[in-house]
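A.B. asks: Quick one: the structure is below, and I'll ask about it shortly.
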Number of protein chains: 2
Amino acid sequence: MAAASIKEVARHAGVSLGTVSNVLNRPNRVAPATRQRVLDAIAELGYVRNDSARQLRAGRSRTIAIVVLDVANPFFTDVVRGAEQVVEEAGAMLVVCSSGEDRARERRHLELLEEQRVRGVLITPVGLGSQPHLQRLNSRGIPVVLVDRGSGGASCCSVAVDDVLGGRLAMDHLLAQGHRRIAYLGGPFSIPQVADRHAGAAAALAAYGEPGELRVAATDTLTVSAGRRAAAELVSLPLRQRPTAVFCANDLIALGVLQELTTRGLRVPDDIAIVGYDDIEFAGAAAVPLSSVRQPREQLGRTAAQLLMEEAEGGATHRHRHVVFQPQLVVRHSSDRPRR
Amino acid sequence: MAAASIKEVARHAGVSLGTVSNVLNRPNRVAPATRQRVLDAIAELGYVRNDSARQLRAGRSRTIAIVVLDVANPFFTDVVRGAEQVVEEAGAMLVVCSSGEDRARERRHLELLEEQRVRGVLITPVGLGSQPHLQRLNSRGIPVVLVDRGSGGASCCSVAVDDVLGGRLAMDHLLAQGHRRIAYLGGPFSIPQVADRHAGAAAALAAYGEPGELRVAATDTLTVSAGRRAAAELVSLPLRQRPTAVFCANDLIALGVLQELTTRGLRVPDDIAIVGYDDIEFAGAAAVPLSSVRQPREQLGRTAAQLLMEEAEGGATHRHRHVVFQPQLVVRHSSDRPRR
DNA sequence: CAAGCTGCATGAAACGATTCAGAAGGGGGT
DNA sequence: ACCCCCTTCTGAATCGTTTCATGCAGCTTG
């Protein structure tokens, strides 16, 4: 019942504390016969290491944390899967925390993680306001890797996809399809990805030579229901102001828009074309298969975790690195040239 | 740099160890002036509690774990969200582990969690083989709540949705739409949900009075790509053996089937009708809006977490409870009566 | 004024694992 | 017989907290 300690195992096997510890950590330093006796005792007592004690002594834990904006977003679940592979290979444990795009929750999580002396943190920060807390972790010797978030200075490693380029790809495509009144749906703009994708789109429009309009409809979160609400507003615009295409900050928003437009009897892409972002697995299976900007999600997670492990082992010799992946536009039917 | 300990804080503030600890844990037992001095010292040194030491002393941690079959499955992410609410309200931390439907991974996770002396475990076990490990946790005083998994004996609390009923609802619907050659897609059957939903479907067919066929196409996992593969096989059957409707063990499979059938030029529901399970958010936004059996996902998570907290606090007085929710069939277009 | 409180602060004793200097015993070499 | 080395094992010290018995003032109370 009461969890057996190493001490009881030692007594049971007729050896000392240190010997049991050796069996556990450096089995080859112990004579086979003794080792077996200890192992038997462990089995008999149902002994299980107490990780708290072990960590206390070691000064740090074997768990890595990943703090994402939203656990329910398929983009992040794929990133998590990628990271998981690498972390588990290294014999560590990955814990997933969700900030829900909420600064306070993010802060609370980081505090708890610091109390737990985690080995490292992978994070997609809610905004730039997180910088000080991350700095603090770093100064404590806890490596931090920014996920899907450019440099942020040279203060830590980062893994990102070029969101400005992604925005440009999407916008260029819509312009080429003949659209001139285009809306960008997404938010909050405090999330860097949201801002960058918009910046890319705006740059593409500016570079295009012909006049056009990029209206912004900010949402307060990046979810399907936020997309539905934004679409409802869009539709209520007078017809001549209503955009003929929307570029959404992520696929969840895009799917919400698609749903809302469809239930209101508007046709996609004929009345309004849509381009999403992330190319989540469901994008291709949508009512109208969604054009979307694809990101290498699992690879993002894998690479981030690798950088982290590298920094955690490397120690002093470590140099921060910034890996940037290129996004890729996947054209499906939601952005087909409208028949008019 | 080096993490300051409570001892250094004490020295800095000119008080004893115990006083600092009191400021941290029972502030009102300390005279305001002293308290302030300690708080200043804490701020100045950037002291952060060492959770390992605290746990070691306390004998248990403040984290709760949830072990799901697949982090990327929207069903589970919603369950997680529900559980998160309750757990965080109680001031604890939820860590998410994914077994990936793999027994070995599940076992490894449970072992690590046991080493960490977690406060409790919410789990959707891969199969019945997990029973002994859960028993063991329980006998160690770590409460376990089974999620989305019926009783499993009276050895722990459980929260579930009546999967047999869900299977029956789906099957009754398909039979009522005139289908007689129906396939059940899903697997592995070692996952109880998969087996129960099938059992419900089989029972419904048996009870229907008219002859009909329920062919089983087992998949090795519950993902979109497994659904695609299963559909490909189905289509390769000679026409007169090919089912006119499929009931899928979850929506991911169903979406995969829908995708594969569509790319192969088969029409849903006219050539083959589909009913899914879970009614995830994407089901309604699919190419053909998916009929599906809805489960109260977040509530499942919330209730499970509540039962767990209750058991963790309640101690000896606790009585295991088994909460069962009723599923509900949501009919959309993927199971419309075929026009022939 | 002694006795008994109350309020605050103290510091030693856990918690359970790891580590490390050193003891014990057994060979081998001279 | 002696010395030294090697393998194997020992047990005390340590990590940072929490808790608890204890000490010490300064009050009230009879």
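Residues in the structure tokens are numbered from 1 in each chain, the chains being A, B, ... in the order shown, and ligands are numbered from 1 in the order shown.
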List every residue of chain B that has an atom at most 9 Å from any atom of chain C, giving for each one its closest atom pair and the distance in Å to one decimal, counting only C-alpha atoms (C1' of nucleotides), sorted by chain and then by ascending residue number, as CSV.
C.D. replies:
```
residue,atom,partner,partner_atom,distance
B:Val15,CA,C:DA9,C1',8.0
B:Ser16,CA,C:DT10,C1',6.3
B:Leu17,CA,C:DG11,C1',7.7
B:Gly18,CA,C:DT10,C1',7.1
B:Thr19,CA,C:DA9,C1',6.7
B:Arg29,CA,C:DC8,C1',7.7
B:Val30,CA,C:DC8,C1',6.7
B:Ala31,CA,C:DC8,C1',7.0
B:Ala53,CA,C:DC15,C1',8.4
B:Gln55,CA,C:DC15,C1',8.7
B:Leu56,CA,C:DC15,C1',5.4
B:Arg57,CA,C:DC15,C1',4.6
B:Ala58,CA,C:DC15,C1',7.6
B:Gly59,CA,C:DC15,C1',7.3
```
A.B. asks: Find the residues in chain D near chain B: any atom within 7 Å counts, using only C-alpha atoms (C1' of nucleotides). Write them as number ranges by chain.
C.D. replies: D: 16-18
A.B. asks: Take the residues that were just selected and, keeping N, CA, C and O atoms (P, O5', C5', C4', C3', O3' and C1' of nucleotides), output them as a PDB file, in the first residue's frame.
C.D. replies:
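The result, written out as again10.pdb:
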```pdb
ATOM      1  P    DG D  16      19.229  23.077  -3.537  1.00  0.00           P
ATOM      2  O5'  DG D  16      17.718  23.086  -3.044  1.00  0.00           O
ATOM      3  C5'  DG D  16      16.705  22.840  -3.993  1.00  0.00           C
ATOM      4  C4'  DG D  16      15.374  22.809  -3.297  1.00  0.00           C
ATOM      5  C3'  DG D  16      15.073  24.040  -2.472  1.00  0.00           C
ATOM      6  O3'  DG D  16      13.723  24.382  -2.710  1.00  0.00           O
ATOM      7  C1'  DG D  16      14.897  22.136  -1.129  1.00  0.00           C
ATOM      8  P    DT D  17      13.065  25.702  -2.152  1.00  0.00           P
ATOM      9  O5'  DT D  17      11.663  25.210  -1.569  1.00  0.00           O
ATOM     10  C5'  DT D  17      11.590  24.284  -0.876  1.00  0.00           C
ATOM     11  C4'  DT D  17      10.472  23.351  -0.700  1.00  0.00           C
ATOM     12  C3'  DT D  17       9.470  23.843   0.312  1.00  0.00           C
ATOM     13  O3'  DT D  17       8.156  23.696  -0.180  1.00  0.00           O
ATOM     14  C1'  DT D  17      10.675  21.894   1.115  1.00  0.00           C
ATOM     15  P    DT D  18       7.005  24.441   0.687  1.00  0.00           P
ATOM     16  O5'  DT D  18       6.768  23.411   1.875  1.00  0.00           O
ATOM     17  C5'  DT D  18       6.136  22.174   1.587  1.00  0.00           C
ATOM     18  C4'  DT D  18       6.038  21.343   2.843  1.00  0.00           C
ATOM     19  C3'  DT D  18       5.149  21.956   3.927  1.00  0.00           C
ATOM     20  O3'  DT D  18       4.249  20.932   4.320  1.00  0.00           O
ATOM     21  C1'  DT D  18       7.259  21.359   4.816  1.00  0.00           C
TER      22       DT D  18
END
```
A.B. asks: For chain A, which residue among B:His12, B:Arg140, B:His133, B:Arg321 is the nearest when counting only C-alpha atoms?
C.D. replies: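 Residue with the minimum atom-to-atom distance to chain A: B:Arg140.
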A.B. asks: Mind pulling up the distance from CA of Ala273 in chain B to CA of Ser335 in chain B?
C.D. replies: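 Between these atoms lies a distance of 4.8 Å.
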A.B. asks: Quick one: distance from CA of Val147 in chain A to CA of Val224 in chain A in Å, one decimal?
C.D. replies: 22.6 Å
A.B. asks: Work out how far apart CA of Arg242 in chain A and CA of Glu213 in chain A are and give it in Å to one decimal.
C.D. replies: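 We find that CA of Arg242 in chain A and CA of Glu213 in chain A lie 10.8 Å from each other.
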A.B. asks: Go through chain A and flag each residue having an atom no more than 7 Å from chain B; for those, report the closest pair of atoms plus their distance in Å to one decimal, using only C-alpha atoms, ordered by chain and rising number, as CSV.
C.D. replies:
```
residue,atom,partner,partner_atom,distance
A:Met1,CA,B:Arg140,CA,5.6
A:Ala2,CA,B:Arg140,CA,6.9
A:Ala3,CA,B:Arg140,CA,6.7
A:Val48,CA,B:Glu115,CA,6.0
A:Arg49,CA,B:Glu115,CA,5.4
A:Asn50,CA,B:Glu115,CA,5.2
A:Asp51,CA,B:Gln116,CA,5.0
A:Ser52,CA,B:Ser52,CA,4.7
A:Ala53,CA,B:Leu56,CA,5.7
A:Gln55,CA,B:Ser52,CA,6.2
A:Leu56,CA,B:Ser52,CA,5.3
A:Val71,CA,B:Thr77,CA,6.3
A:Ala72,CA,B:Thr77,CA,5.1
A:Pro74,CA,B:Ala72,CA,6.4
A:Thr77,CA,B:Ala72,CA,5.1
A:Asp78,CA,B:Ala72,CA,6.7
A:Val95,CA,B:Val95,CA,5.5
A:Val96,CA,B:Val96,CA,5.7
A:Glu115,CA,B:Asn50,CA,5.2
A:Gln116,CA,B:Asp51,CA,5.1
A:Ser139,CA,B:Met1,CA,6.4
A:Arg140,CA,B:Met1,CA,5.7
A:Leu255,CA,B:Ala285,CA,6.8
A:Gln259,CA,B:Ala285,CA,5.9
A:Ala285,CA,B:Ala287,CA,5.7
A:Ala286,CA,B:Ala286,CA,4.3
A:Ala287,CA,B:Ala287,CA,3.1
A:Val288,CA,B:Ala287,CA,6.0
```
A.B. asks: Convert the current residue selection to file output with N, CA, C and O atoms, as a JSON list (two decimals), in the first residue's frame.
C.D. replies:
```
[["chain", "number", "residue", "atom", "x", "y", "z"],
["A", 1, "MET", "N", 0.83, -1.20, 0.00],
["A", 1, "MET", "CA", 0.00, 0.00, 0.00],
["A", 1, "MET", "C", 0.87, 1.25, 0.00],
["A", 1, "MET", "O", 1.03, 1.93, -0.98],
["A", 2, "ALA", "N", 1.49, 1.49, 1.17],
["A", 2, "ALA", "CA", 2.41, 2.64, 1.20],
["A", 2, "ALA", "C", 3.53, 2.36, 0.20],
["A", 2, "ALA", "O", 4.09, 1.27, 0.19],
["A", 3, "ALA", "N", 3.85, 3.35, -0.60],
["A", 3, "ALA", "CA", 4.87, 3.16, -1.62],
["A", 3, "ALA", "C", 6.20, 2.79, -0.96],
["A", 3, "ALA", "O", 6.67, 3.48, -0.07],
["A", 48, "VAL", "N", 8.56, 1.36, -7.03],
["A", 48, "VAL", "CA", 8.63, 2.26, -8.18],
["A", 48, "VAL", "C", 9.39, 3.49, -7.77],
["A", 48, "VAL", "O", 9.11, 4.11, -6.75],
["A", 49, "ARG", "N", 10.37, 3.84, -8.57],
["A", 49, "ARG", "CA", 11.18, 5.03, -8.31],
["A", 49, "ARG", "C", 10.32, 6.24, -7.99],
["A", 49, "ARG", "O", 9.28, 6.43, -8.59],
["A", 50, "ASN", "N", 10.78, 7.06, -7.09],
["A", 50, "ASN", "CA", 10.09, 8.30, -6.82],
["A", 50, "ASN", "C", 10.80, 9.41, -7.58],
["A", 50, "ASN", "O", 11.91, 9.81, -7.26],
["A", 51, "ASP", "N", 10.11, 9.88, -8.61],
["A", 51, "ASP", "CA", 10.74, 10.82, -9.51],
["A", 51, "ASP", "C", 11.02, 12.16, -8.83],
["A", 51, "ASP", "O", 11.98, 12.84, -9.17],
["A", 52, "SER", "N", 10.19, 12.54, -7.88],
["A", 52, "SER", "CA", 10.41, 13.83, -7.21],
["A", 52, "SER", "C", 11.77, 13.82, -6.52],
["A", 52, "SER", "O", 12.55, 14.77, -6.63],
["A", 53, "ALA", "N", 12.03, 12.74, -5.81],
["A", 53, "ALA", "CA", 13.29, 12.66, -5.09],
["A", 53, "ALA", "C", 14.46, 12.66, -6.06],
["A", 53, "ALA", "O", 15.46, 13.34, -5.86],
["A", 55, "GLN", "N", 14.56, 13.89, -9.05],
["A", 55, "GLN", "CA", 14.72, 15.21, -9.65],
["A", 55, "GLN", "C", 15.34, 16.21, -8.67],
["A", 55, "GLN", "O", 16.15, 17.03, -9.04],
["A", 56, "LEU", "N", 14.88, 16.11, -7.45],
["A", 56, "LEU", "CA", 15.38, 17.03, -6.44],
["A", 56, "LEU", "C", 16.89, 16.92, -6.39],
["A", 56, "LEU", "O", 17.62, 17.92, -6.41],
["A", 71, "VAL", "N", -5.05, 23.39, -28.14],
["A", 71, "VAL", "CA", -4.89, 21.93, -28.33],
["A", 71, "VAL", "C", -5.84, 21.37, -29.36],
["A", 71, "VAL", "O", -5.58, 20.32, -29.92],
["A", 72, "ALA", "N", -6.93, 22.06, -29.60],
["A", 72, "ALA", "CA", -7.93, 21.49, -30.50],
["A", 72, "ALA", "C", -7.67, 21.86, -31.95],
["A", 72, "ALA", "O", -8.39, 21.44, -32.84],
["A", 74, "PRO", "N", -5.89, 21.35, -35.27],
["A", 74, "PRO", "CA", -5.14, 20.27, -35.90],
["A", 74, "PRO", "C", -3.71, 20.66, -36.27],
["A", 74, "PRO", "O", -2.83, 19.82, -36.30],
["A", 77, "THR", "N", -1.81, 19.99, -33.12],
["A", 77, "THR", "CA", -1.72, 18.58, -32.75],
["A", 77, "THR", "C", -0.67, 17.87, -33.60],
["A", 77, "THR", "O", 0.03, 16.99, -33.13],
["A", 78, "ASP", "N", -0.54, 18.31, -34.84],
["A", 78, "ASP", "CA", 0.49, 17.70, -35.67],
["A", 78, "ASP", "C", 1.89, 18.12, -35.24],
["A", 78, "ASP", "O", 2.82, 17.32, -35.24],
["A", 95, "VAL", "N", 5.03, 17.13, -22.12],
["A", 95, "VAL", "CA", 3.73, 17.51, -21.61],
["A", 95, "VAL", "C", 3.20, 18.67, -22.45],
["A", 95, "VAL", "O", 3.95, 19.54, -22.85],
["A", 96, "VAL", "N", 1.92, 18.60, -22.71],
["A", 96, "VAL", "CA", 1.30, 19.57, -23.60],
["A", 96, "VAL", "C", 0.47, 20.56, -22.78],
["A", 96, "VAL", "O", -0.37, 20.15, -21.98],
["A", 115, "GLU", "N", 8.48, 26.13, -11.85],
["A", 115, "GLU", "CA", 8.52, 25.47, -10.54],
["A", 115, "GLU", "C", 8.92, 24.01, -10.69],
["A", 115, "GLU", "O", 9.56, 23.44, -9.83],
["A", 116, "GLN", "N", 8.50, 23.44, -11.79],
["A", 116, "GLN", "CA", 8.81, 22.03, -11.99],
["A", 116, "GLN", "C", 10.20, 21.82, -12.56],
["A", 116, "GLN", "O", 10.60, 20.70, -12.80],
["A", 139, "SER", "N", 17.32, 32.59, -18.55],
["A", 139, "SER", "CA", 18.37, 33.00, -17.62],
["A", 139, "SER", "C", 18.46, 32.00, -16.46],
["A", 139, "SER", "O", 19.42, 32.00, -15.70],
["A", 140, "ARG", "N", 17.47, 31.17, -16.31],
["A", 140, "ARG", "CA", 17.48, 30.12, -15.29],
["A", 140, "ARG", "C", 18.12, 28.86, -15.81],
["A", 140, "ARG", "O", 18.16, 27.85, -15.13],
["A", 255, "LEU", "N", -12.91, 27.17, -42.73],
["A", 255, "LEU", "CA", -14.00, 26.19, -42.71],
["A", 255, "LEU", "C", -15.26, 26.83, -42.13],
["A", 255, "LEU", "O", -16.38, 26.56, -42.59],
["A", 259, "GLN", "N", -18.79, 27.19, -44.11],
["A", 259, "GLN", "CA", -20.04, 26.70, -43.55],
["A", 259, "GLN", "C", -21.10, 27.80, -43.56],
["A", 259, "GLN", "O", -22.23, 27.59, -44.01],
["A", 285, "ALA", "N", -11.12, 17.68, -47.40],
["A", 285, "ALA", "CA", -12.38, 16.96, -47.31],
["A", 285, "ALA", "C", -13.56, 17.89, -47.08],
["A", 285, "ALA", "O", -14.67, 17.46, -46.80],
["A", 286, "ALA", "N", -13.34, 19.18, -47.19],
["A", 286, "ALA", "CA", -14.40, 20.14, -46.92],
["A", 286, "ALA", "C", -15.46, 20.12, -48.01],
["A", 286, "ALA", "O", -15.24, 19.57, -49.09],
["A", 287, "ALA", "N", -16.59, 20.72, -47.71],
["A", 287, "ALA", "CA", -17.71, 20.78, -48.65],
["A", 287, "ALA", "C", -17.24, 21.23, -50.02],
["A", 287, "ALA", "O", -17.56, 20.63, -51.04],
["A", 288, "VAL", "N", -16.47, 22.29, -50.04],
["A", 288, "VAL", "CA", -15.73, 22.67, -51.24],
["A", 288, "VAL", "C", -14.26, 22.54, -50.86],
["A", 288, "VAL", "O", -13.81, 23.24, -49.97]]
```
A.B. asks: DSSP on the backbone, then: every residue of range 16-261 of chain B marked strand (DSSP E), written as a ChimeraX atom specification.
C.D. replies: /B:63-68,93-98,120-123,144-147,157-161,181-186,213-218,245-248
A.B. asks: Residues of range 132-249 of chain A within 10 Å of range 301-311 of chain A: nearest atom pair and distance (Å, one decimal) for each, counting only C-alpha atoms, sorted by chain and number, as JSON lines?
C.D. replies:
```
{"residue": "A:Ile142", "atom": "CA", "partner": "A:Glu311", "partner_atom": "CA", "distance": 9.4}
{"residue": "A:Pro143", "atom": "CA", "partner": "A:Glu311", "partner_atom": "CA", "distance": 6.6}
{"residue": "A:Val144", "atom": "CA", "partner": "A:Leu308", "partner_atom": "CA", "distance": 7.0}
{"residue": "A:Val145", "atom": "CA", "partner": "A:Leu308", "partner_atom": "CA", "distance": 6.2}
{"residue": "A:Leu146", "atom": "CA", "partner": "A:Ala304", "partner_atom": "CA", "distance": 7.7}
{"residue": "A:Val147", "atom": "CA", "partner": "A:Ala304", "partner_atom": "CA", "distance": 6.6}
{"residue": "A:Asp148", "atom": "CA", "partner": "A:Gly301", "partner_atom": "CA", "distance": 9.1}
{"residue": "A:Cys156", "atom": "CA", "partner": "A:Glu311", "partner_atom": "CA", "distance": 9.6}
{"residue": "A:Cys157", "atom": "CA", "partner": "A:Leu307", "partner_atom": "CA", "distance": 7.0}
{"residue": "A:Ser158", "atom": "CA", "partner": "A:Ala304", "partner_atom": "CA", "distance": 7.0}
{"residue": "A:Val159", "atom": "CA", "partner": "A:Ala304", "partner_atom": "CA", "distance": 5.8}
{"residue": "A:Ala160", "atom": "CA", "partner": "A:Ala304", "partner_atom": "CA", "distance": 9.0}
```
A.B. asks: When you look at Ile274 in chain A with a cut-off of 8 Å (counting only C-alpha atoms (C1' of nucleotides)), what residues show up, excluding the ones that are within fewer than 6 positions of it in the same chain? I need them as number ranges by chain.
C.D. replies: A: 245-248, 254, 258, 268, 290-291, 334-335
A.B. asks: Near Asp102 in chain B, counting only C-alpha atoms (C1' of nucleotides), which residues have an atom at most 12 Å away, once you skip same-chain residues fewer than 6 positions from it, shown as a ChimeraX atom specification?
C.D. replies: /B:67-70,108-109,124-127,129-130,188,190-191,220-221
A.B. asks: How would the residues just chosen look if you wrote them out with all heavy atoms as a short mmCIF file (atom, residue, chain, number, x, y, z; two decimals), in the first residue's frame?
C.D. replies:
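Saved the output as selection-v9.cif:
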```
data_model
loop_
_atom_site.label_atom_id
_atom_site.label_comp_id
_atom_site.auth_asym_id
_atom_site.auth_seq_id
_atom_site.Cartn_x
_atom_site.Cartn_y
_atom_site.Cartn_z
N VAL B 67 -4.67 10.25 -20.35
CA VAL B 67 -4.03 9.43 -21.38
C VAL B 67 -5.08 9.11 -22.44
O VAL B 67 -6.04 8.40 -22.17
CB VAL B 67 -3.49 8.12 -20.79
CG1 VAL B 67 -2.75 7.32 -21.86
CG2 VAL B 67 -2.58 8.39 -19.61
N VAL B 68 -4.89 9.67 -23.62
CA VAL B 68 -5.89 9.48 -24.68
C VAL B 68 -5.33 8.59 -25.78
O VAL B 68 -4.13 8.33 -25.84
CB VAL B 68 -6.32 10.83 -25.28
CG1 VAL B 68 -6.94 11.72 -24.23
CG2 VAL B 68 -5.14 11.51 -25.94
N LEU B 69 -6.21 8.13 -26.64
CA LEU B 69 -5.77 7.24 -27.72
C LEU B 69 -5.04 7.99 -28.81
O LEU B 69 -4.20 7.44 -29.50
CB LEU B 69 -6.99 6.52 -28.33
CG LEU B 69 -7.74 5.56 -27.40
CD1 LEU B 69 -8.92 4.94 -28.13
CD2 LEU B 69 -6.79 4.48 -26.89
N ASP B 70 -5.37 9.28 -28.99
CA ASP B 70 -4.79 10.02 -30.11
C ASP B 70 -4.99 11.52 -29.89
O ASP B 70 -6.12 12.00 -29.90
CB ASP B 70 -5.50 9.57 -31.39
CG ASP B 70 -5.01 10.34 -32.61
OD1 ASP B 70 -4.03 11.08 -32.49
OD2 ASP B 70 -5.64 10.19 -33.67
N ARG B 108 4.24 2.48 -20.96
CA ARG B 108 5.37 3.35 -20.64
C ARG B 108 4.90 4.64 -19.98
O ARG B 108 5.47 5.10 -19.00
CB ARG B 108 6.13 3.67 -21.93
CG ARG B 108 7.51 4.22 -21.69
CD ARG B 108 8.30 4.40 -22.96
NE ARG B 108 8.90 5.71 -23.00
CZ ARG B 108 9.77 6.17 -22.09
NH1 ARG B 108 10.11 5.40 -21.08
NH2 ARG B 108 10.27 7.38 -22.18
N HIS B 109 3.85 5.19 -20.53
CA HIS B 109 3.32 6.41 -19.94
C HIS B 109 2.84 6.18 -18.51
O HIS B 109 3.12 6.97 -17.62
CB HIS B 109 2.16 6.96 -20.79
CG HIS B 109 2.63 7.81 -21.92
ND1 HIS B 109 2.23 7.62 -23.22
CD2 HIS B 109 3.44 8.87 -21.94
CE1 HIS B 109 2.81 8.52 -23.99
NE2 HIS B 109 3.55 9.30 -23.23
N THR B 124 -8.42 6.63 -21.34
CA THR B 124 -9.17 5.80 -22.26
C THR B 124 -8.22 4.68 -22.63
O THR B 124 -7.32 4.87 -23.44
CB THR B 124 -9.55 6.57 -23.54
OG1 THR B 124 -10.30 7.71 -23.17
CG2 THR B 124 -10.38 5.71 -24.45
N PRO B 125 -8.36 3.53 -21.99
CA PRO B 125 -7.37 2.47 -22.18
C PRO B 125 -7.43 1.91 -23.60
O PRO B 125 -8.48 1.94 -24.23
CB PRO B 125 -7.81 1.38 -21.18
CG PRO B 125 -9.00 1.90 -20.46
CD PRO B 125 -9.49 3.11 -21.16
N VAL B 126 -6.28 1.45 -24.05
CA VAL B 126 -6.22 0.88 -25.39
C VAL B 126 -7.09 -0.37 -25.46
O VAL B 126 -7.77 -0.61 -26.44
CB VAL B 126 -4.77 0.53 -25.77
CG1 VAL B 126 -4.73 -0.21 -27.09
CG2 VAL B 126 -3.93 1.79 -25.82
N GLY B 127 -7.06 -1.14 -24.40
CA GLY B 127 -7.88 -2.36 -24.40
C GLY B 127 -8.01 -2.89 -23.00
O GLY B 127 -7.69 -2.20 -22.03
N GLY B 129 -6.34 -5.17 -21.77
CA GLY B 129 -5.03 -5.54 -21.26
C GLY B 129 -4.47 -4.53 -20.28
O GLY B 129 -3.54 -4.81 -19.53
N SER B 130 -5.04 -3.33 -20.30
CA SER B 130 -4.53 -2.28 -19.43
C SER B 130 -4.96 -2.47 -17.99
O SER B 130 -4.40 -1.88 -17.07
CB SER B 130 -5.03 -0.92 -19.93
OG SER B 130 -4.92 -0.83 -21.32
N PRO B 188 -8.77 -1.02 -34.22
CA PRO B 188 -8.85 -2.44 -33.95
C PRO B 188 -9.99 -2.78 -32.99
O PRO B 188 -10.39 -1.95 -32.19
CB PRO B 188 -7.50 -2.75 -33.30
CG PRO B 188 -7.07 -1.47 -32.70
CD PRO B 188 -7.61 -0.39 -33.57
N SER B 190 -9.92 -4.48 -30.52
CA SER B 190 -9.51 -4.53 -29.12
C SER B 190 -9.90 -3.24 -28.39
O SER B 190 -9.95 -3.21 -27.18
CB SER B 190 -7.99 -4.75 -29.03
OG SER B 190 -7.33 -3.74 -29.78
N ILE B 191 -10.17 -2.19 -29.15
CA ILE B 191 -10.67 -0.98 -28.53
C ILE B 191 -12.15 -1.17 -28.26
O ILE B 191 -12.93 -1.41 -29.17
CB ILE B 191 -10.47 0.25 -29.46
CG1 ILE B 191 -8.98 0.46 -29.70
CG2 ILE B 191 -11.10 1.49 -28.85
CD1 ILE B 191 -8.67 1.67 -30.56
N ASP B 220 -6.77 -0.86 -38.89
CA ASP B 220 -5.82 -1.04 -37.80
C ASP B 220 -5.72 0.20 -36.92
O ASP B 220 -5.03 0.21 -35.91
CB ASP B 220 -4.44 -1.44 -38.34
CG ASP B 220 -4.00 -0.53 -39.46
OD1 ASP B 220 -4.79 0.38 -39.82
OD2 ASP B 220 -2.88 -0.71 -39.97
N THR B 221 -6.40 1.26 -37.31
CA THR B 221 -6.37 2.46 -36.50
C THR B 221 -7.56 3.34 -36.89
O THR B 221 -8.22 3.10 -37.89
CB THR B 221 -5.02 3.21 -36.68
OG1 THR B 221 -5.13 4.51 -36.15
CG2 THR B 221 -4.67 3.31 -38.14
#
```
A.B. asks: Among range 89-307 of chain A, which ones does DSSP assign to alpha helix (DSSP H) (computed from the backbone)? Answer as a ChimeraX atom specification.
C.D. replies: /A:89,103-115,131-139,163-176,192-207,224-235,251-263,297-307
A.B. asks: Can you tell me, as number ranges by chain, what residues are no more than 12 Å from Ala195 in chain A when counting only C-alpha atoms (C1' of nucleotides), ignoring any on the same chain fewer than 3 positions away?
C.D. replies: A: 127-128, 149, 163-164, 166-167, 184-192, 198-202, 216, 218, 248-249
A.B. asks: With distances taken over only C-alpha atoms, which of B:Gly276, B:Pro132, B:Asp40, B:Ser292 is nearest to Val9 in chain B?
C.D. replies: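 Checking each candidate against Val9 in chain B, we get B:Asp40 as the closest.
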A.B. asks: Would you list the contacts of Leu261 in chain B as a PyMOL selection string, taking every protein, DNA or RNA residue within 8 Å and counting only C-alpha atoms (C1' of nucleotides), but skipping same-chain residues closer than 4 positions in sequence?
C.D. replies: chain B and resi 231-232+235+257+265-268
A.B. asks: Give me the residues near Arg180 in chain A as an NGL selection string, where near means some atom within 9 Å (using only C-alpha atoms (C1' of nucleotides)) and where sequence neighbours in that chain fewer than 6 positions away do not count.
C.D. replies: :A and (174 or 210-214 or 243-245)
